[in-house]
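**Q** Data: model.cif, mmCIF, C-alpha atoms.
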```cif
data_model
#
loop_
_atom_site.label_atom_id
_atom_site.label_comp_id
_atom_site.auth_asym_id
_atom_site.auth_seq_id
_atom_site.Cartn_x
_atom_site.Cartn_y
_atom_site.Cartn_z
CA MET Y 16 3.11 6.01 -19.96
CA HIS Y 17 0.03 5.04 -21.93
CA ASN Y 18 -1.95 7.69 -23.71
CA ILE Y 19 -5.49 6.76 -22.69
CA ASP Y 20 -8.59 8.82 -23.28
CA VAL Y 21 -10.24 8.10 -19.96
CA ASN Y 22 -13.47 9.85 -20.89
CA ALA Y 23 -14.00 7.49 -23.79
CA TYR Y 24 -14.57 4.59 -21.38
CA PHE Y 25 -17.29 6.18 -19.28
CA LYS Y 26 -20.77 4.84 -19.75
CA PRO Y 27 -23.87 6.76 -18.67
CA LYS Y 28 -24.88 4.12 -16.13
CA GLU Y 29 -21.66 4.59 -14.18
CA LYS Y 30 -22.59 8.14 -13.26
CA ILE Y 31 -19.08 9.31 -12.48
CA ASP Y 32 -18.44 13.01 -12.82
CA PHE Y 33 -14.82 12.64 -13.81
CA MET Y 34 -14.32 16.38 -14.33
CA ASP Y 35 -15.70 17.09 -10.88
CA TYR Y 36 -13.24 14.54 -9.47
CA MET Y 37 -10.30 16.16 -11.27
CA VAL Y 38 -11.28 19.66 -10.14
CA LYS Y 39 -11.61 18.54 -6.52
CA ARG Y 40 -8.39 16.53 -6.69
CA ILE Y 41 -6.46 19.55 -7.93
CA ALA Y 42 -8.08 21.73 -5.26
CA HIS Y 43 -7.06 19.29 -2.52
CA LEU Y 44 -3.51 19.06 -3.87
CA THR Y 45 -3.29 22.85 -4.07
CA ASN Y 46 -4.73 23.40 -0.61
CA GLY Y 47 -2.61 20.69 0.96
CA THR Y 48 -5.66 18.79 2.20
CA SER Y 49 -5.35 15.64 0.09
CA HIS Y 50 -4.86 12.22 1.67
CA TRP Y 51 -1.27 12.35 0.44
CA HIS Y 52 -0.61 15.63 2.28
CA ARG Y 53 -2.16 14.29 5.46
CA ILE Y 54 0.16 11.27 5.30
CA GLY Y 55 3.08 13.65 4.85
CA GLU Y 56 2.10 15.56 7.95
CA ALA Y 57 1.64 12.29 9.80
CA ARG Y 58 5.39 11.81 10.03
CA ASP Y 59 5.46 14.45 12.72
CA LYS Y 60 2.20 13.38 14.22
CA TRP Y 61 2.96 9.71 14.63
CA GLN Y 62 6.31 10.46 16.20
CA TRP Y 63 4.37 12.45 18.76
CA ALA Y 64 1.83 9.65 19.00
CA ASN Y 65 4.61 7.15 19.37
CA PHE Y 66 5.76 9.05 22.43
CA GLN Y 67 2.31 9.68 23.86
CA ILE Y 68 0.36 6.54 23.05
CA TYR Y 69 3.06 3.95 22.57
CA ASN Y 70 5.18 4.91 25.50
CA PRO Y 71 7.58 1.98 26.07
CA LEU Y 72 6.77 2.13 29.76
CA LYS Y 73 3.20 1.15 28.94
CA LYS Y 74 4.51 -1.79 26.94
CA ILE Y 75 2.05 -1.23 24.14
CA SER Y 76 3.53 -2.18 20.80
CA ARG Y 77 2.42 -0.42 17.66
CA SER Y 78 1.85 -3.67 15.79
CA ASP Y 79 1.74 -6.96 17.67
CA HIS Y 80 -0.13 -9.09 15.17
CA ALA Y 81 0.17 -10.56 11.72
CA VAL Y 82 -2.67 -11.74 9.51
CA PRO Y 83 -2.18 -15.02 7.61
CA PHE Y 84 -4.74 -15.53 4.86
CA GLU Y 85 -5.23 -17.84 1.92
CA ASP Y 86 -5.31 -16.94 -1.74
CA PRO Y 87 -9.02 -16.57 -2.60
CA TYR Y 88 -8.51 -17.81 -6.17
CA ASN Y 89 -5.86 -20.50 -5.75
CA GLY Y 90 -6.22 -22.97 -2.92
CA ASN Y 91 -2.82 -24.46 -3.68
CA ALA Y 92 -0.96 -21.16 -3.41
CA PRO Y 93 1.32 -20.68 -0.40
CA LEU Y 94 -0.19 -19.02 2.64
CA LYS Y 95 0.07 -15.22 2.56
CA ILE Y 96 1.07 -13.29 5.67
CA LEU Y 97 0.05 -9.64 6.03
CA HIS Y 98 2.37 -7.61 8.25
CA PRO Y 99 0.78 -4.28 9.25
CA SER Y 100 3.02 -1.26 9.06
CA PRO Y 101 3.70 0.00 12.60
CA ASN Y 102 3.78 3.55 11.23
CA THR Y 103 0.33 3.25 9.71
CA MET Y 104 -0.96 1.63 12.89
CA ALA Y 105 0.35 4.64 14.83
CA GLU Y 106 -1.28 7.03 12.35
CA LEU Y 107 -4.60 5.22 12.71
CA ARG Y 108 -4.36 5.33 16.51
CA TYR Y 109 -3.59 9.05 16.34
CA GLY Y 110 -6.53 9.88 14.06
CA GLY Y 111 -7.21 12.76 11.71
CA ILE Y 112 -5.01 11.36 8.93
CA HIS Y 113 -6.74 8.51 7.11
CA PRO Y 114 -10.24 8.28 5.65
CA PRO Y 115 -12.77 5.58 6.61
CA VAL Y 116 -11.90 2.31 4.94
CA ALA Y 117 -15.07 2.44 2.82
CA ALA Y 118 -13.71 5.58 1.14
CA ILE Y 119 -10.65 3.60 0.06
CA ILE Y 120 -12.15 0.29 -1.00
CA GLU Y 121 -15.05 1.95 -2.82
CA ARG Y 122 -12.89 4.24 -4.93
CA ARG Y 123 -13.49 3.78 -8.66
CA LEU Y 124 -10.87 2.34 -10.98
CA LEU Y 125 -10.85 2.28 -14.75
CA MET Y 126 -9.44 -1.08 -15.80
CA VAL Y 127 -8.04 -1.01 -19.34
CA ASN Y 128 -7.52 -4.45 -20.85
CA SER Y 129 -4.89 -5.51 -23.33
CA ASP Y 130 -7.51 -5.74 -26.11
CA GLY Y 131 -8.48 -2.11 -25.59
CA SER Y 132 -11.74 -2.77 -23.78
CA GLY Y 133 -12.27 -1.37 -20.31
CA ASP Y 134 -14.59 -1.16 -17.33
CA VAL Y 135 -15.00 0.98 -14.25
CA VAL Y 136 -15.00 -1.07 -11.05
CA GLU Y 137 -14.78 -0.35 -7.36
CA ALA Y 138 -11.43 -1.16 -5.78
CA HIS Y 139 -12.72 -4.07 -3.69
CA ALA Y 140 -13.83 -5.80 -6.91
CA ALA Y 141 -10.58 -5.15 -8.77
CA LEU Y 142 -8.92 -8.44 -7.80
CA ALA Y 143 -11.85 -10.44 -9.15
CA TYR Y 144 -11.77 -8.36 -12.34
CA ARG Y 145 -8.07 -9.07 -12.80
CA GLN Y 146 -8.78 -12.81 -12.59
CA ARG Y 147 -11.14 -12.63 -15.56
CA HIS Y 148 -9.38 -10.07 -17.74
CA ASP Y 149 -5.90 -9.37 -18.99
CA VAL Y 150 -5.60 -5.93 -17.44
CA ALA Y 151 -2.90 -3.82 -19.06
CA SER Y 152 -3.22 -0.77 -16.84
CA GLU Y 153 -5.60 0.82 -14.40
CA TYR Y 154 -6.46 4.41 -13.55
CA VAL Y 155 -8.11 5.92 -10.49
CA VAL Y 156 -11.10 7.88 -11.74
CA ASP Y 157 -12.81 8.75 -8.47
CA ASN Y 158 -10.99 9.09 -5.19
CA ARG Y 159 -12.95 12.05 -3.81
CA ARG Y 160 -13.97 10.45 -0.56
CA ALA Y 161 -10.37 9.69 0.45
CA HIS Y 162 -9.65 13.42 0.37
CA ASP Y 163 -12.97 14.68 1.71
CA GLU Y 164 -13.45 12.30 4.63
CA VAL Y 165 -11.20 11.97 7.65
CA MET Y 166 -11.45 9.48 10.46
CA GLY Y 167 -10.88 10.04 14.16
CA ALA Y 168 -8.60 8.02 16.42
CA LEU Y 169 -9.09 4.24 16.46
CA GLU Y 170 -8.44 1.60 19.09
CA TYR Y 171 -5.81 -1.03 18.32
CA GLU Y 172 -8.38 -3.63 17.26
CA GLU Y 173 -10.21 -1.12 15.08
CA ALA Y 174 -6.96 -0.09 13.41
CA LEU Y 175 -6.13 -3.71 12.66
CA GLU Y 176 -9.62 -4.21 11.22
CA TRP Y 177 -9.17 -1.11 9.02
CA LEU Y 178 -5.91 -2.53 7.65
CA ILE Y 179 -7.42 -5.95 7.00
CA GLN Y 180 -10.35 -4.48 5.10
CA LYS Y 181 -7.98 -2.31 3.07
CA ASP Y 182 -5.26 -4.83 2.24
CA VAL Y 183 -6.77 -8.32 2.48
CA PRO Y 184 -9.00 -9.21 -0.52
CA ALA Y 185 -12.69 -8.67 0.18
CA GLU Y 186 -13.30 -12.24 -1.01
CA ILE Y 187 -11.65 -13.39 2.22
CA TRP Y 188 -13.27 -11.23 4.89
CA SER Y 189 -16.65 -10.30 3.40
CA VAL Y 190 -17.86 -13.85 2.71
CA LYS Y 191 -18.56 -16.66 5.12
CA HIS Y 192 -16.47 -19.73 4.24
CA ASN Y 193 -16.92 -23.31 5.34
CA LYS Y 194 -13.36 -23.33 6.62
CA PRO Y 195 -11.22 -20.50 7.99
CA LYS Y 196 -9.44 -18.50 5.31
CA MET Y 197 -7.87 -15.91 7.59
CA ALA Y 198 -6.64 -15.54 11.15
CA ILE Y 199 -5.18 -12.82 13.36
CA VAL Y 200 -2.18 -14.21 15.18
CA PRO Y 201 0.58 -12.80 17.39
CA LYS Y 202 3.72 -12.04 15.44
CA SER Y 203 5.50 -14.63 17.57
CA ALA Y 204 3.39 -17.34 15.87
CA ILE Y 205 5.05 -16.64 12.50
CA PRO Y 206 8.08 -18.91 12.01
CA THR Y 207 11.38 -17.10 11.75
CA ASN Y 208 13.01 -19.93 9.83
CA ARG Y 209 11.94 -19.55 6.21
CA THR Y 210 13.55 -22.71 4.86
CA HIS Y 211 10.16 -24.33 4.21
CA ARG Y 212 8.29 -21.08 3.71
CA ASN Y 213 5.91 -22.31 1.02
CA SER Y 214 4.66 -25.22 3.17
CA TRP Y 215 3.22 -23.02 5.93
CA ARG Y 216 -0.46 -23.73 6.58
CA LEU Y 217 -3.09 -21.62 8.30
CA LYS Y 218 -4.04 -24.33 10.81
CA ASP Y 219 -0.42 -24.54 11.93
CA LEU Y 220 -0.10 -20.81 12.60
CA ALA Y 221 -3.50 -20.04 14.10
CA VAL Y 222 -3.43 -20.43 17.87
CA MET Z 12 -2.44 24.23 7.75
CA VAL Z 13 0.58 26.52 8.08
CA GLY Z 14 2.84 26.62 5.03
CA ILE Z 15 5.27 28.68 3.03
CA ASN Z 16 3.93 29.95 -0.26
CA THR Z 17 6.48 30.44 -2.97
CA GLU Z 18 6.79 30.14 -6.72
CA SER Z 19 10.46 29.17 -6.93
CA ILE Z 20 13.29 27.99 -4.68
CA ASN Z 21 16.79 29.05 -5.82
CA ASP Z 22 20.37 28.57 -4.70
CA VAL Z 23 22.35 31.40 -3.06
CA ASN Z 24 23.20 32.86 -6.46
CA GLY Z 25 19.63 32.81 -7.63
CA ASN Z 26 20.24 29.93 -10.06
CA SER Z 27 18.90 26.41 -10.43
CA GLY Z 28 15.40 27.36 -9.53
CA ARG Z 29 12.97 24.67 -8.49
CA THR Z 30 9.26 25.16 -8.49
CA PRO Z 31 7.10 23.45 -5.88
CA GLU Z 32 5.69 21.33 -8.71
CA GLN Z 33 9.16 20.06 -9.59
CA LEU Z 34 9.80 19.23 -5.96
CA ARG Z 35 6.50 17.42 -5.73
CA GLN Z 36 7.21 15.41 -8.86
CA GLY Z 37 10.58 14.37 -7.49
CA THR Z 38 9.23 13.27 -4.16
CA ALA Z 39 9.03 9.56 -3.44
CA LYS Z 40 5.43 8.66 -2.75
CA VAL Z 41 6.27 5.31 -1.19
CA HIS Z 42 9.42 3.68 0.03
CA ALA Z 43 9.99 0.48 1.94
CA GLN Z 44 13.07 -1.27 3.23
CA TRP Z 45 13.28 -4.38 5.30
CA LEU Z 46 15.91 -6.76 6.55
CA ASP Z 47 15.06 -9.38 9.15
CA THR Z 48 11.49 -8.38 9.82
CA LEU Z 49 9.15 -7.49 7.03
CA VAL Z 50 8.11 -4.09 8.29
CA GLY Z 51 9.39 -1.73 10.89
CA ASN Z 52 12.85 -1.05 9.51
CA ASP Z 53 11.96 1.94 7.41
CA GLU Z 54 8.94 2.65 5.33
CA TYR Z 55 6.84 5.56 4.22
CA GLY Z 56 3.42 5.54 2.61
CA VAL Z 57 3.15 1.80 3.25
CA SER Z 58 0.13 0.34 5.02
CA SER Z 59 1.33 -3.28 5.05
CA ILE Z 60 3.66 -5.75 3.41
CA VAL Z 61 2.29 -9.15 2.43
CA ASP Z 62 4.64 -12.11 2.43
CA ASN Z 63 3.07 -14.10 -0.43
CA ALA Z 64 5.64 -16.89 -0.68
CA ALA Z 65 9.39 -17.38 -0.75
CA GLY Z 66 10.83 -14.39 -2.61
CA ASP Z 67 7.38 -13.00 -3.37
CA PHE Z 68 6.18 -9.88 -1.59
CA THR Z 69 3.44 -7.27 -2.03
CA ILE Z 70 3.80 -3.73 -0.76
CA ASN Z 71 0.42 -2.11 -0.14
CA PHE Z 72 0.43 1.68 -0.41
CA THR Z 73 -1.33 4.04 1.96
CA PRO Z 74 -1.79 6.75 -0.69
CA THR Z 75 -3.39 5.60 -3.92
CA MET Z 76 -1.37 6.19 -7.05
CA ALA Z 77 -3.24 7.85 -9.92
CA SER Z 78 -2.58 4.88 -12.19
CA SER Z 79 -0.71 1.60 -12.33
CA THR Z 80 1.93 3.07 -14.64
CA PHE Z 81 4.11 4.67 -11.97
CA PRO Z 82 7.90 4.39 -12.01
CA TRP Z 83 9.51 2.12 -9.43
CA SER Z 84 12.90 0.88 -8.37
CA LEU Z 85 13.94 -2.16 -6.36
CA GLY Z 86 17.19 -3.16 -4.77
CA ALA Z 87 18.88 -5.60 -2.42
CA THR Z 88 20.10 -4.24 0.86
CA ARG Z 89 21.77 -7.15 2.61
CA ASN Z 90 25.31 -8.38 2.03
CA ILE Z 91 25.54 -5.99 -0.84
CA ASN Z 92 28.96 -7.32 -1.82
CA THR Z 93 27.96 -10.95 -1.90
CA THR Z 94 24.27 -11.00 -2.71
CA SER Z 95 22.47 -9.70 -5.72
CA MET Z 96 18.77 -9.55 -6.38
CA CYS Z 97 17.23 -10.66 -9.62
CA GLU Z 98 13.64 -9.60 -10.16
CA THR Z 99 11.64 -12.14 -12.07
CA ASP Z 100 8.24 -10.46 -12.06
CA VAL Z 101 6.82 -7.13 -10.93
CA ARG Z 102 3.08 -6.56 -10.93
CA LEU Z 103 1.67 -3.09 -10.39
CA THR Z 104 -1.75 -1.89 -9.39
CA SER Z 105 -2.69 1.64 -8.39
CA SER Z 106 -2.40 0.66 -4.72
CA SER Z 107 0.30 -2.01 -4.57
CA LEU Z 108 3.55 -3.31 -5.97
CA THR Z 109 4.15 -7.07 -6.04
CA MET Z 110 7.62 -8.35 -6.69
CA GLN Z 111 8.96 -11.82 -7.20
CA PHE Z 112 12.68 -12.00 -6.93
CA GLU Z 113 15.57 -14.33 -6.41
CA PHE Z 114 18.74 -13.73 -4.49
CA THR Z 115 21.98 -15.05 -5.85
CA SER Z 116 24.90 -15.27 -3.50
CA ASN Z 117 28.42 -16.59 -3.38
CA ASN Z 118 28.27 -16.56 0.38
CA ALA Z 119 26.74 -19.69 1.90
CA ASP Z 120 25.83 -17.79 5.06
CA ALA Z 121 23.80 -15.18 3.25
CA ASP Z 122 20.12 -15.15 4.07
CA PRO Z 123 18.31 -16.48 0.99
CA ASP Z 124 15.46 -14.00 1.49
CA GLY Z 125 17.81 -11.23 2.50
CA GLY Z 126 16.67 -7.64 2.64
CA ALA Z 127 15.05 -5.58 -0.02
CA ALA Z 128 14.10 -2.00 -0.72
CA ALA Z 129 11.53 -0.47 -3.01
CA ILE Z 130 10.81 3.11 -3.97
CA VAL Z 131 7.90 4.48 -5.99
CA PHE Z 132 7.47 7.82 -7.72
CA GLY Z 133 4.60 9.24 -9.73
CA ASP Z 134 1.31 11.03 -9.30
CA VAL Z 135 -1.00 10.27 -6.41
CA ALA Z 136 -4.73 9.97 -7.00
#
```
Turn the structure described in the file into structure tokens.
**A**
Amino acid sequence: MHNIDVNAYFKPKEKIDFMDYMVKRIAHLTNGTSHWHRIGEARDKWQWANFQIYNPLKKISRSDHAVPFEDPYNGNAPLKILHPSPNTMAELRYGGIHPPVAAIIERRLLMVNSDGSGDVVEAHAALAYRQRHDVASEYVVDNRRAHDEVMGALEYEEALEWLIQKDVPAEIWSVKHNKPKMAIVPKSAIPTNRTHRNSWRLKDLAV
Amino acid sequence: MVGINTESINDVNGNSGRTPEQLRQGTAKVHAQWLDTLVGNDEYGVSSIVDNAAGDFTINFTPTMASSTFPWSLGATRNINTTSMCETDVRLTSSSLTMQFEFTSNNADADPDGGAAAIVFGDVA
């Protein structure tokens, strides 16, 4: 574990009340209202939701789709395939567990580089930061919204959109490209034979 | 929220006390295990798994870890007697764990991508 003085990296323009974040974080952990506690409770909830919403008789699967997307910084890299967690999809459909996706992707991170320099960035910009810097470690310095805000139940498409915005780089879905960089495909479109895994292309999977 | 408030949990003789803090520290924040399909076998605290390339996977966490310096452990779960997993690179962020690994096997029928398991401890943000 690194011994980092987080406060030493804060600049006035960033306007982060780190102490306020720590006090609220401890309060949420003590009261059992943090995002982590809600996920813990979700184990019971999504089993109930699995029975109520995803009743096999209704033939509604918890996660029918996969999301192939390209590496935003390396066009020659193999195609990436995002597989949503069926448990998280059930939690999102149930509601009352996860925060809005903006609360997650706008959380603040302190990126500490190998040369000792550092910057505070929002999570959606962290991948771009890692491309330009040799990041040694990173610390969450403001995650208040994830604990304070809770979302209601989502439809299947909304839940999939939430997962894409959380786990696919913002460079892919927030910018208009001159050729498709991402697709939402049925899981059946993903080859099961992985012999030539690294030669998969988006145009071959998208239907 | 309904809960039990206590300062210590002991055995029947009143020894080996554990405080809630010790229990919380020893609790896995994330675990994932998969065999044939990438998700759906068993996972907890995982929002998605990204298949980056052959033998290269990223586990995205639902809870955010407080830092990227959390402890982790990986293992192979398929053909445990004939296949071993060799990690070549592990990259950590506060919200994901990316692992590149190779399977070695003396069994020609073993699945080259096999199954894998990951578990993560540490403080959540």
**Q** Residues of chain Z near chain Y: apply a cut-off of 8 Å, count all atoms listed in the file, and supply the list as a PyMOL selection string.
**A** chain Z and resi 12+49-51+54-65+71+73-74+76-80+104-105+135-136
**Q** Report, in Å with one decimal, the straight-line distance from CA of Gln111 (chain Z) to CA of Gly66 (chain Z).
**A**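 According to the coordinates, CA of Gln111 (chain Z) and CA of Gly66 (chain Z) are separated by 5.6 Å.
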**Q** Could you state the separation of CA of Ser203 (chain Y) and CA of Leu217 (chain Y) in Å, given to one decimal place?
**A**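 Computing it gives 14.4 Å between the two atoms.
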**Q** Nearest residue to Arg145 (chain Y) out of Z:Leu34, Z:Leu103, Z:Met96, Z:Ile20, using all atoms listed in the file?
**A**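 Of Z:Leu34, Z:Leu103, Z:Met96, Z:Ile20, the one nearest Arg145 (chain Y) is Z:Leu103, counting all atoms listed in the file.
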**Q** Can you translate the PyMOL selection byres ((chain Y and resi 139) around 7) into the concrete residues it hits in this file, as a list of chain:residue names?
**A** Y:Ile120, Y:Glu121, Y:Glu137, Y:Ala138, Y:Ala140, Y:Ala141, Y:Ala185
**Q** Report, in Å to a single decimal, how far apart CA of Tyr171 (chain Y) and CA of Leu220 (chain Y) are.
**A**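 Computing it gives 21.4 Å between the two atoms.
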**Q** For region 64-68 of chain Z, take all atoms listed in the file, fit an axis-aligned box around them, add 6 Å to each of the six sides, then output centre and edge lengths in Å rounded to one decimal, as AutoDock Vina command-line options.
**A**
```
--center_x 8.2 --center_y -13.6 --center_z -2.0 --size_x 17.2 --size_y 19.5 --size_z 14.7
```
**Q** Just so the selection is clear, what residues does the PyMOL selection byres ((chain Y and resi 195) around 9) cover here, as a PyMOL selection string?
**A** chain Y and resi 84-85+191-194+196-198+217-218
**Q** What would the list of residues within 7 Å of (3.4, -2.3, -4.0) (file frame) look like as a short mmCIF file (atom, residue, chain, number, x, y, z; two decimals) with C-alpha atoms, in the frame of the given file, if all atoms listed in the file are what count?
**A**
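Generated output (part.cif):
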```cif
data_model
loop_
_atom_site.label_atom_id
_atom_site.label_comp_id
_atom_site.auth_asym_id
_atom_site.auth_seq_id
_atom_site.Cartn_x
_atom_site.Cartn_y
_atom_site.Cartn_z
CA THR Z 69 3.44 -7.27 -2.03
CA ILE Z 70 3.80 -3.73 -0.76
CA ASN Z 71 0.42 -2.11 -0.14
CA PHE Z 72 0.43 1.68 -0.41
CA LEU Z 103 1.67 -3.09 -10.39
CA SER Z 106 -2.40 0.66 -4.72
CA SER Z 107 0.30 -2.01 -4.57
CA LEU Z 108 3.55 -3.31 -5.97
CA THR Z 109 4.15 -7.07 -6.04
#
```
